[in-house]
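**Student:** The following block contains the structure, expressed as structure tokens.
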Amino acid sequence: MEKRRLGNTDLYTAPVVFGGNVFGWTLNEKESFEMMDEIINSGFNTIDTADVYSRWADGNNGGESETIIGNWLKARGNRDQVNIITKVGADMGQGHKDLTEAYILKAADASLKRLQVDHIDLYLTHWDDDKTPVEETLGAYEKLIKAGKVRYIGASNLSPERLTASLEASKNNGLPRYEVFQPEYNLYDREGFETGVANICKEEGLGVITYFSLASGFLSGKYRTKADFEGKARAMFAEKYLNERGSSILEALDDVAAKHNASQAGVSLAWLLNKPTVTAPIASATKSKHLQAFIEAGQLSLSDDDMKQLDEASNYSQLA
């Protein structure tokens with residue numbers, strides 16, 4: 001499986017990054033171990049998680065995903081086969097987002113302990129804390145990098161202004177630089193990224209790994225009515241897609257998928273891989289059969305006509 005370079009780092013990832021938010025949420029530890037075994041055996045090599053995963057689930061406090069990944073890494077002894085991405089800055093019970101130096105240094109040590117590793121390959125600013133100067137945040141990362149606890153840094157959910165300020169602070173003050181950006185981006189949710197930080201990522205050579213790449217499962221084609229969501233863990237995320245534009249996107253996906261004898265999910269991920277700004281989409285799976293879409297995405301060769309059809313069906317500029 002051909003690997004893609006993450007920005008200007010020396011990290012190379014398979015075409016799809018596995019989203020570890022399901023570990024400790026919709027998959028228990030045993031099921032998570034089985035899924036990660038299959039991920040690696042299928043040729044995928046990057047797992048994305050965060051300290052806050054999955055605090056939103058009943059009975060969870062955050063750290064569940066990292067803990068399960070850490071137990072798996074220890075049990076399998078395969079740390080050198082996996083790129084580990086995790087994040088800092090989300091509310092872990094303190095009541096606010098936090099990117100102060102003291103908090104980052106403490107949170108990084110907690111993540112390392114849960115993951116049972118001596119370094120994090122890619123450490124991301126998860127959510128912005130606009131009360132903390134970007135120089136302080138980057139200074140904390142500098143200490144972690146110098147201590148060998150973090151290899152590279154990136155960011156998620158920053159505004160164009162704050163991303164630009166961070167990149168300028170890195171350049172002007174000799175501080176570590178965000179090399180990867182993680183936006184919400186998929187066939188339905190396009191506008192925020194495309195009219196926001198996309199040009200910055202392109203101009204600055206940042207790697208881009210997209211989250212909600214399948215729009216919480218909507219772009220798999222499984223959810224077409226409210227009844228389809230009943231009893232599903234992702235219902236709270238996905239019902240917003242049930243509208244005329246969502247239906248138009250699904251029709252285009254059905255058409256292109258049939259043409260290539262592929263799944264709608266595989267086509268959705270392939271559409272992202274064909275976008276020049278995107279390095280790799282992040283996607284989750286809870287069943288073995290779901291991984292087939294990941295494999296399809298890396299193998300599908302979408303034509304210009306395919307891309308045009310999908311682009312036009314998901315065009316947001318025509319919305320009132």
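The chains in the structure tokens are called A, B, ... from first to last as shown; in each chain the residues are counted from 1, and the ligands are counted from 1 in the order shown.
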Using only C-alpha atoms, which residues sit within 7 Å of A:Pro183 once same-chain residues fewer than 2 positions away are excluded, as a VMD selection string?

**Tutor:** chain A and resid 156 to 157 181 185 193 210 to 211

**Student:** Taking N, CA and C atoms for each residue, export the selection above as a PDB file, in the first residue's frame.

**Tutor:**
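Result written to selection37.pdb:
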```pdb
ATOM      1  N   SER A 156      -5.672  21.251  14.968  1.00  0.00           N
ATOM      2  CA  SER A 156      -7.017  20.966  14.484  1.00  0.00           C
ATOM      3  C   SER A 156      -7.931  22.094  14.955  1.00  0.00           C
ATOM      4  N   ASN A 157      -8.913  22.420  14.144  1.00  0.00           N
ATOM      5  CA  ASN A 157      -9.957  23.366  14.557  1.00  0.00           C
ATOM      6  C   ASN A 157      -9.457  24.772  14.866  1.00  0.00           C
ATOM      7  N   PHE A 181      -2.408  19.697   9.569  1.00  0.00           N
ATOM      8  CA  PHE A 181      -3.660  20.286  10.024  1.00  0.00           C
ATOM      9  C   PHE A 181      -4.770  19.260   9.882  1.00  0.00           C
ATOM     10  N   TYR A 185     -13.808  17.795   7.206  1.00  0.00           N
ATOM     11  CA  TYR A 185     -13.909  17.947   5.748  1.00  0.00           C
ATOM     12  C   TYR A 185     -14.413  16.653   5.147  1.00  0.00           C
ATOM     13  N   PHE A 193     -13.662  24.286   5.470  1.00  0.00           N
ATOM     14  CA  PHE A 193     -12.247  24.087   5.123  1.00  0.00           C
ATOM     15  C   PHE A 193     -11.879  24.812   3.839  1.00  0.00           C
ATOM     16  N   THR A 210      -8.175  14.613   7.383  1.00  0.00           N
ATOM     17  CA  THR A 210      -9.527  15.104   7.608  1.00  0.00           C
ATOM     18  C   THR A 210     -10.298  14.258   8.614  1.00  0.00           C
ATOM     19  N   TYR A 211     -11.047  14.922   9.479  1.00  0.00           N
ATOM     20  CA  TYR A 211     -11.909  14.151  10.379  1.00  0.00           C
ATOM     21  C   TYR A 211     -13.370  14.275   9.944  1.00  0.00           C
TER      22      TYR A 211
END
```

**Student:** So which residues touch A:Glu194 within 12 Å, counting only C-alpha atoms, skipping near sequence neighbours fewer than 2 positions away, as a list in words?

**Tutor:**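 Contacts, in chain order: Pro160, Pro183, Glu184, Tyr185, Asn186, Leu187, Tyr188, Asp189, Arg190, Glu191, Gly192, Gly196, Val197, Ala198, Asn199, Ile200, Cys201, Lys202, Lys275, Pro276, Thr277, Val278, Asn315, Tyr316 and Ser317 of chain A.
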
**Student:** What's the separation between atom CA of A:Gly205 and atom CA of A:Val180, in Å to one decimal place?

**Tutor:**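 These two atoms are separated by 8.7 Å.
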
**Student:** List every residue of stretch 110-160 of chain A that DSSP, applied to the backbone, labels as alpha helix (DSSP H), and write the result as number ranges by chain.

**Tutor:** A: 110-115, 134-146, 160

**Student:** Would you mind exporting the chosen residues as a PDB file, in the first residue's frame, restricted to N, CA and C atoms?

**Tutor:**
```pdb
ATOM      1  N   ALA A 110       0.506  12.586  30.762  1.00  0.00           N
ATOM      2  CA  ALA A 110      -0.631  11.697  31.020  1.00  0.00           C
ATOM      3  C   ALA A 110      -0.940  10.842  29.789  1.00  0.00           C
ATOM      4  N   SER A 111      -0.869  11.444  28.605  1.00  0.00           N
ATOM      5  CA  SER A 111      -1.104  10.686  27.374  1.00  0.00           C
ATOM      6  C   SER A 111      -0.029   9.624  27.169  1.00  0.00           C
ATOM      7  N   LEU A 112       1.221   9.991  27.405  1.00  0.00           N
ATOM      8  CA  LEU A 112       2.319   9.030  27.256  1.00  0.00           C
ATOM      9  C   LEU A 112       2.137   7.845  28.204  1.00  0.00           C
ATOM     10  N   LYS A 113       1.687   8.130  29.416  1.00  0.00           N
ATOM     11  CA  LYS A 113       1.478   7.063  30.396  1.00  0.00           C
ATOM     12  C   LYS A 113       0.356   6.137  29.948  1.00  0.00           C
ATOM     13  N   ARG A 114      -0.759   6.721  29.463  1.00  0.00           N
ATOM     14  CA  ARG A 114      -1.872   5.887  29.004  1.00  0.00           C
ATOM     15  C   ARG A 114      -1.487   5.074  27.774  1.00  0.00           C
ATOM     16  N   LEU A 115      -0.734   5.698  26.865  1.00  0.00           N
ATOM     17  CA  LEU A 115      -0.319   5.018  25.638  1.00  0.00           C
ATOM     18  C   LEU A 115       0.832   4.030  25.872  1.00  0.00           C
ATOM     19  N   VAL A 134      -0.129  32.195  21.252  1.00  0.00           N
ATOM     20  CA  VAL A 134       0.360  31.054  20.473  1.00  0.00           C
ATOM     21  C   VAL A 134       1.814  30.755  20.809  1.00  0.00           C
ATOM     22  N   GLU A 135       2.576  31.790  21.178  1.00  0.00           N
ATOM     23  CA  GLU A 135       3.979  31.580  21.510  1.00  0.00           C
ATOM     24  C   GLU A 135       4.133  30.691  22.741  1.00  0.00           C
ATOM     25  N   GLU A 136       3.232  30.837  23.705  1.00  0.00           N
ATOM     26  CA  GLU A 136       3.307  29.993  24.906  1.00  0.00           C
ATOM     27  C   GLU A 136       3.015  28.541  24.560  1.00  0.00           C
ATOM     28  N   THR A 137       1.991  28.331  23.742  1.00  0.00           N
ATOM     29  CA  THR A 137       1.627  26.973  23.337  1.00  0.00           C
ATOM     30  C   THR A 137       2.772  26.314  22.573  1.00  0.00           C
ATOM     31  N   LEU A 138       3.320  27.029  21.612  1.00  0.00           N
ATOM     32  CA  LEU A 138       4.424  26.478  20.815  1.00  0.00           C
ATOM     33  C   LEU A 138       5.669  26.275  21.671  1.00  0.00           C
ATOM     34  N   GLY A 139       5.865  27.127  22.675  1.00  0.00           N
ATOM     35  CA  GLY A 139       6.992  26.967  23.591  1.00  0.00           C
ATOM     36  C   GLY A 139       6.885  25.689  24.400  1.00  0.00           C
ATOM     37  N   ALA A 140       5.659  25.327  24.754  1.00  0.00           N
ATOM     38  CA  ALA A 140       5.451  24.062  25.469  1.00  0.00           C
ATOM     39  C   ALA A 140       5.804  22.891  24.573  1.00  0.00           C
ATOM     40  N   TYR A 141       5.383  22.965  23.328  1.00  0.00           N
ATOM     41  CA  TYR A 141       5.716  21.893  22.386  1.00  0.00           C
ATOM     42  C   TYR A 141       7.231  21.802  22.180  1.00  0.00           C
ATOM     43  N   GLU A 142       7.899  22.944  22.175  1.00  0.00           N
ATOM     44  CA  GLU A 142       9.357  22.937  22.023  1.00  0.00           C
ATOM     45  C   GLU A 142      10.011  22.132  23.144  1.00  0.00           C
ATOM     46  N   LYS A 143       9.515  22.307  24.360  1.00  0.00           N
ATOM     47  CA  LYS A 143      10.072  21.561  25.498  1.00  0.00           C
ATOM     48  C   LYS A 143       9.831  20.059  25.339  1.00  0.00           C
ATOM     49  N   LEU A 144       8.641  19.712  24.864  1.00  0.00           N
ATOM     50  CA  LEU A 144       8.322  18.298  24.669  1.00  0.00           C
ATOM     51  C   LEU A 144       9.180  17.675  23.575  1.00  0.00           C
ATOM     52  N   ILE A 145       9.405  18.419  22.501  1.00  0.00           N
ATOM     53  CA  ILE A 145      10.237  17.916  21.403  1.00  0.00           C
ATOM     54  C   ILE A 145      11.689  17.749  21.862  1.00  0.00           C
ATOM     55  N   LYS A 146      12.190  18.737  22.573  1.00  0.00           N
ATOM     56  CA  LYS A 146      13.570  18.657  23.060  1.00  0.00           C
ATOM     57  C   LYS A 146      13.763  17.514  24.061  1.00  0.00           C
ATOM     58  N   PRO A 160      -8.385  30.494  10.483  1.00  0.00           N
ATOM     59  CA  PRO A 160      -7.286  30.919   9.609  1.00  0.00           C
ATOM     60  C   PRO A 160      -6.367  31.930  10.289  1.00  0.00           C
TER      61      PRO A 160
END
```

**Student:** Per DSSP on the backbone, what are the strand (DSSP E or B) residues of stretch 73-125 of chain A, as a ChimeraX atom specification?

**Tutor:** /A:83-88,120-125

**Student:** At a cut-off of 7 Å, using only C-alpha atoms, what residues contact stretch 97-105 of chain A? Leave out same-chain residues fewer than 6 positions from it and give the result as a PDB file with all heavy atoms, in the first residue's frame.

**Tutor:**
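And here's out-v9.pdb as it stands now:
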```pdb
ATOM      1  N   VAL A  88      -4.292  17.455  22.376  1.00  0.00           N
ATOM      2  CA  VAL A  88      -4.388  18.097  23.676  1.00  0.00           C
ATOM      3  C   VAL A  88      -5.174  19.400  23.532  1.00  0.00           C
ATOM      4  O   VAL A  88      -5.196  20.006  22.462  1.00  0.00           O
ATOM      5  CB  VAL A  88      -2.975  18.382  24.256  1.00  0.00           C
ATOM      6  CG1 VAL A  88      -2.211  19.372  23.369  1.00  0.00           C
ATOM      7  CG2 VAL A  88      -3.048  18.895  25.683  1.00  0.00           C
ATOM      8  N   GLY A  89      -5.798  19.817  24.617  1.00  0.00           N
ATOM      9  CA  GLY A  89      -6.459  21.124  24.620  1.00  0.00           C
ATOM     10  C   GLY A  89      -7.947  21.079  24.869  1.00  0.00           C
ATOM     11  O   GLY A  89      -8.549  22.089  25.233  1.00  0.00           O
ATOM     12  N   ALA A  90      -8.580  19.919  24.667  1.00  0.00           N
ATOM     13  CA  ALA A  90     -10.017  19.817  24.895  1.00  0.00           C
ATOM     14  C   ALA A  90     -10.313  19.842  26.395  1.00  0.00           C
ATOM     15  O   ALA A  90      -9.433  19.624  27.229  1.00  0.00           O
ATOM     16  CB  ALA A  90     -10.559  18.537  24.270  1.00  0.00           C
ATOM     17  N   ASP A  91     -11.562  20.113  26.724  1.00  0.00           N
ATOM     18  CA  ASP A  91     -12.001  20.124  28.116  1.00  0.00           C
ATOM     19  C   ASP A  91     -11.993  18.704  28.672  1.00  0.00           C
ATOM     20  O   ASP A  91     -12.765  17.853  28.246  1.00  0.00           O
ATOM     21  CB  ASP A  91     -13.409  20.726  28.182  1.00  0.00           C
ATOM     22  CG  ASP A  91     -13.957  20.795  29.601  1.00  0.00           C
ATOM     23  OD1 ASP A  91     -13.234  20.413  30.548  1.00  0.00           O
ATOM     24  OD2 ASP A  91     -15.114  21.241  29.762  1.00  0.00           O
ATOM     25  N   TRP A 127      -8.250  21.880  20.141  1.00  0.00           N
ATOM     26  CA  TRP A 127      -9.164  23.020  20.048  1.00  0.00           C
ATOM     27  C   TRP A 127      -8.415  24.264  20.494  1.00  0.00           C
ATOM     28  O   TRP A 127      -7.535  24.199  21.338  1.00  0.00           O
ATOM     29  CB  TRP A 127     -10.392  22.820  20.946  1.00  0.00           C
ATOM     30  CG  TRP A 127     -11.233  21.655  20.539  1.00  0.00           C
ATOM     31  CD1 TRP A 127     -11.181  20.383  21.045  1.00  0.00           C
ATOM     32  CD2 TRP A 127     -12.239  21.633  19.526  1.00  0.00           C
ATOM     33  NE1 TRP A 127     -12.086  19.580  20.413  1.00  0.00           N
ATOM     34  CE2 TRP A 127     -12.764  20.315  19.484  1.00  0.00           C
ATOM     35  CE3 TRP A 127     -12.773  22.601  18.664  1.00  0.00           C
ATOM     36  CZ2 TRP A 127     -13.773  19.942  18.595  1.00  0.00           C
ATOM     37  CZ3 TRP A 127     -13.777  22.232  17.797  1.00  0.00           C
ATOM     38  CH2 TRP A 127     -14.274  20.912  17.768  1.00  0.00           C
ATOM     39  N   ASP A 129      -7.464  27.723  22.299  1.00  0.00           N
ATOM     40  CA  ASP A 129      -7.635  28.424  23.571  1.00  0.00           C
ATOM     41  C   ASP A 129      -7.160  29.841  23.297  1.00  0.00           C
ATOM     42  O   ASP A 129      -5.976  30.137  23.379  1.00  0.00           O
ATOM     43  CB  ASP A 129      -6.801  27.730  24.661  1.00  0.00           C
ATOM     44  CG  ASP A 129      -6.510  28.633  25.848  1.00  0.00           C
ATOM     45  OD1 ASP A 129      -7.239  29.624  26.039  1.00  0.00           O
ATOM     46  OD2 ASP A 129      -5.549  28.343  26.588  1.00  0.00           O
ATOM     47  N   THR A 132      -4.680  32.041  25.503  1.00  0.00           N
ATOM     48  CA  THR A 132      -3.254  31.726  25.640  1.00  0.00           C
ATOM     49  C   THR A 132      -2.512  32.155  24.378  1.00  0.00           C
ATOM     50  O   THR A 132      -2.902  31.768  23.274  1.00  0.00           O
ATOM     51  CB  THR A 132      -3.056  30.215  25.873  1.00  0.00           C
ATOM     52  OG1 THR A 132      -3.764  29.830  27.051  1.00  0.00           O
ATOM     53  CG2 THR A 132      -1.577  29.880  26.039  1.00  0.00           C
ATOM     54  N   GLU A 136       3.232  30.837  23.705  1.00  0.00           N
ATOM     55  CA  GLU A 136       3.307  29.993  24.906  1.00  0.00           C
ATOM     56  C   GLU A 136       3.015  28.541  24.560  1.00  0.00           C
ATOM     57  O   GLU A 136       3.705  27.624  25.025  1.00  0.00           O
ATOM     58  CB  GLU A 136       2.321  30.487  25.968  1.00  0.00           C
ATOM     59  CG  GLU A 136       2.347  29.627  27.236  1.00  0.00           C
ATOM     60  CD  GLU A 136       1.414  30.114  28.328  1.00  0.00           C
ATOM     61  OE1 GLU A 136       0.966  31.274  28.261  1.00  0.00           O
ATOM     62  OE2 GLU A 136       1.137  29.326  29.260  1.00  0.00           O
ATOM     63  N   THR A 137       1.991  28.331  23.742  1.00  0.00           N
ATOM     64  CA  THR A 137       1.627  26.973  23.337  1.00  0.00           C
ATOM     65  C   THR A 137       2.772  26.314  22.573  1.00  0.00           C
ATOM     66  O   THR A 137       3.158  25.178  22.856  1.00  0.00           O
ATOM     67  CB  THR A 137       0.360  27.016  22.464  1.00  0.00           C
ATOM     68  OG1 THR A 137      -0.722  27.542  23.236  1.00  0.00           O
ATOM     69  CG2 THR A 137       0.000  25.628  21.957  1.00  0.00           C
ATOM     70  N   ALA A 140       5.659  25.327  24.754  1.00  0.00           N
ATOM     71  CA  ALA A 140       5.451  24.062  25.469  1.00  0.00           C
ATOM     72  C   ALA A 140       5.804  22.891  24.573  1.00  0.00           C
ATOM     73  O   ALA A 140       6.457  21.925  25.006  1.00  0.00           O
ATOM     74  CB  ALA A 140       4.001  23.965  25.930  1.00  0.00           C
TER      75      ALA A 140
END
```

**Student:** So that I can check the surroundings of A:Leu6, please list as a list in words every protein, DNA and RNA residue that reaches within 9 Å of it, counting only C-alpha atoms and ignoring chain neighbours fewer than 4 positions away.

**Tutor:**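 Those residues are Asp10, Leu11, Tyr12, Thr13, Glu179, Val180, Leu206, Gly207, Val208, Ile209, Thr279 and Ala280 of chain A.
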
**Student:** With a distance cut-off of 12 Å and only C-alpha atoms, select the neighbouring residues of A:Lys289, excluding the residue or stretch itself and same-chain residues fewer than 4 positions from it, and output the selection as a PyMOL selection string.

**Tutor:** chain A and resi 35+38-39+42+263+265-266+284-285+293-296

**Student:** Pick from A:His126, A:His290, A:Lys3, A:His260: nearest to A:Lys222, with only C-alpha atoms counted?

**Tutor:** A:His290

**Student:** Mind giving me the straight-line distance from atom CA of A:Ile249 to atom CA of A:Ala215 in Å, one decimal?

**Tutor:** 11.7 Å

**Student:** From the set A:Ser159, A:Gln182, A:Thr225, A:Asn71, which residue has the shortest atom-to-atom contact distance to A:Ile85, counting only C-alpha atoms?

**Tutor:** A:Gln182

**Student:** Tell me, as a tab-separated table (two decimals) with N, CA and C atoms, in the first residue's frame, which residues lie within 7 Å of A:Val52, counting only C-alpha atoms; anything in the same chain fewer than 2 positions away does not count.

**Tutor:**
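File written: part22.tsv
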```tsv
chain	number	residue	atom	x	y	z
A	50	ALA	N	-7.15	11.01	20.85
A	50	ALA	CA	-7.05	12.26	21.61
A	50	ALA	C	-7.25	11.93	23.07
A	54	SER	N	-13.10	8.75	25.08
A	54	SER	CA	-14.34	9.32	24.58
A	54	SER	C	-15.17	9.78	25.78
A	55	ARG	N	-14.83	10.97	26.23
A	55	ARG	CA	-15.42	11.55	27.43
A	55	ARG	C	-16.93	11.70	27.33
A	62	GLY	N	-12.68	10.28	29.72
A	62	GLY	CA	-11.60	10.68	28.82
A	62	GLY	C	-10.40	9.78	29.04
A	63	GLY	N	-9.60	9.59	28.00
A	63	GLY	CA	-8.42	8.74	28.12
A	63	GLY	C	-8.66	7.28	27.80
A	90	ALA	N	-8.58	19.92	24.67
A	90	ALA	CA	-10.02	19.82	24.89
A	90	ALA	C	-10.31	19.84	26.39
A	92	MET	N	-11.12	18.45	29.60
A	92	MET	CA	-11.02	17.13	30.23
A	92	MET	C	-11.63	17.14	31.64
```

**Student:** Using only C-alpha atoms, which residues sit within 7 Å of A:Tyr152 once same-chain residues fewer than 3 positions away are excluded, as a list in words?

**Tutor:**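 Residues meeting the cut-off are Asp121, Leu122 and Tyr123 of chain A.
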
**Student:** Only N, CA, C and O atoms, please: the residues just picked out, written as a PDB file, in the first residue's frame.

**Tutor:**
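Writing the result to part-v1.pdb gives the following:
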```pdb
ATOM      1  N   ASP A 121       4.212  10.423  18.040  1.00  0.00           N
ATOM      2  CA  ASP A 121       4.720  10.769  16.709  1.00  0.00           C
ATOM      3  C   ASP A 121       4.221  12.138  16.241  1.00  0.00           C
ATOM      4  O   ASP A 121       4.982  12.918  15.684  1.00  0.00           O
ATOM      5  N   LEU A 122       2.933  12.388  16.458  1.00  0.00           N
ATOM      6  CA  LEU A 122       2.342  13.655  16.018  1.00  0.00           C
ATOM      7  C   LEU A 122       1.365  14.115  17.087  1.00  0.00           C
ATOM      8  O   LEU A 122       0.372  13.441  17.366  1.00  0.00           O
ATOM      9  N   TYR A 123       1.657  15.270  17.688  1.00  0.00           N
ATOM     10  CA  TYR A 123       0.856  15.800  18.798  1.00  0.00           C
ATOM     11  C   TYR A 123       0.123  17.031  18.307  1.00  0.00           C
ATOM     12  O   TYR A 123       0.741  17.986  17.819  1.00  0.00           O
TER      13      TYR A 123
END
```
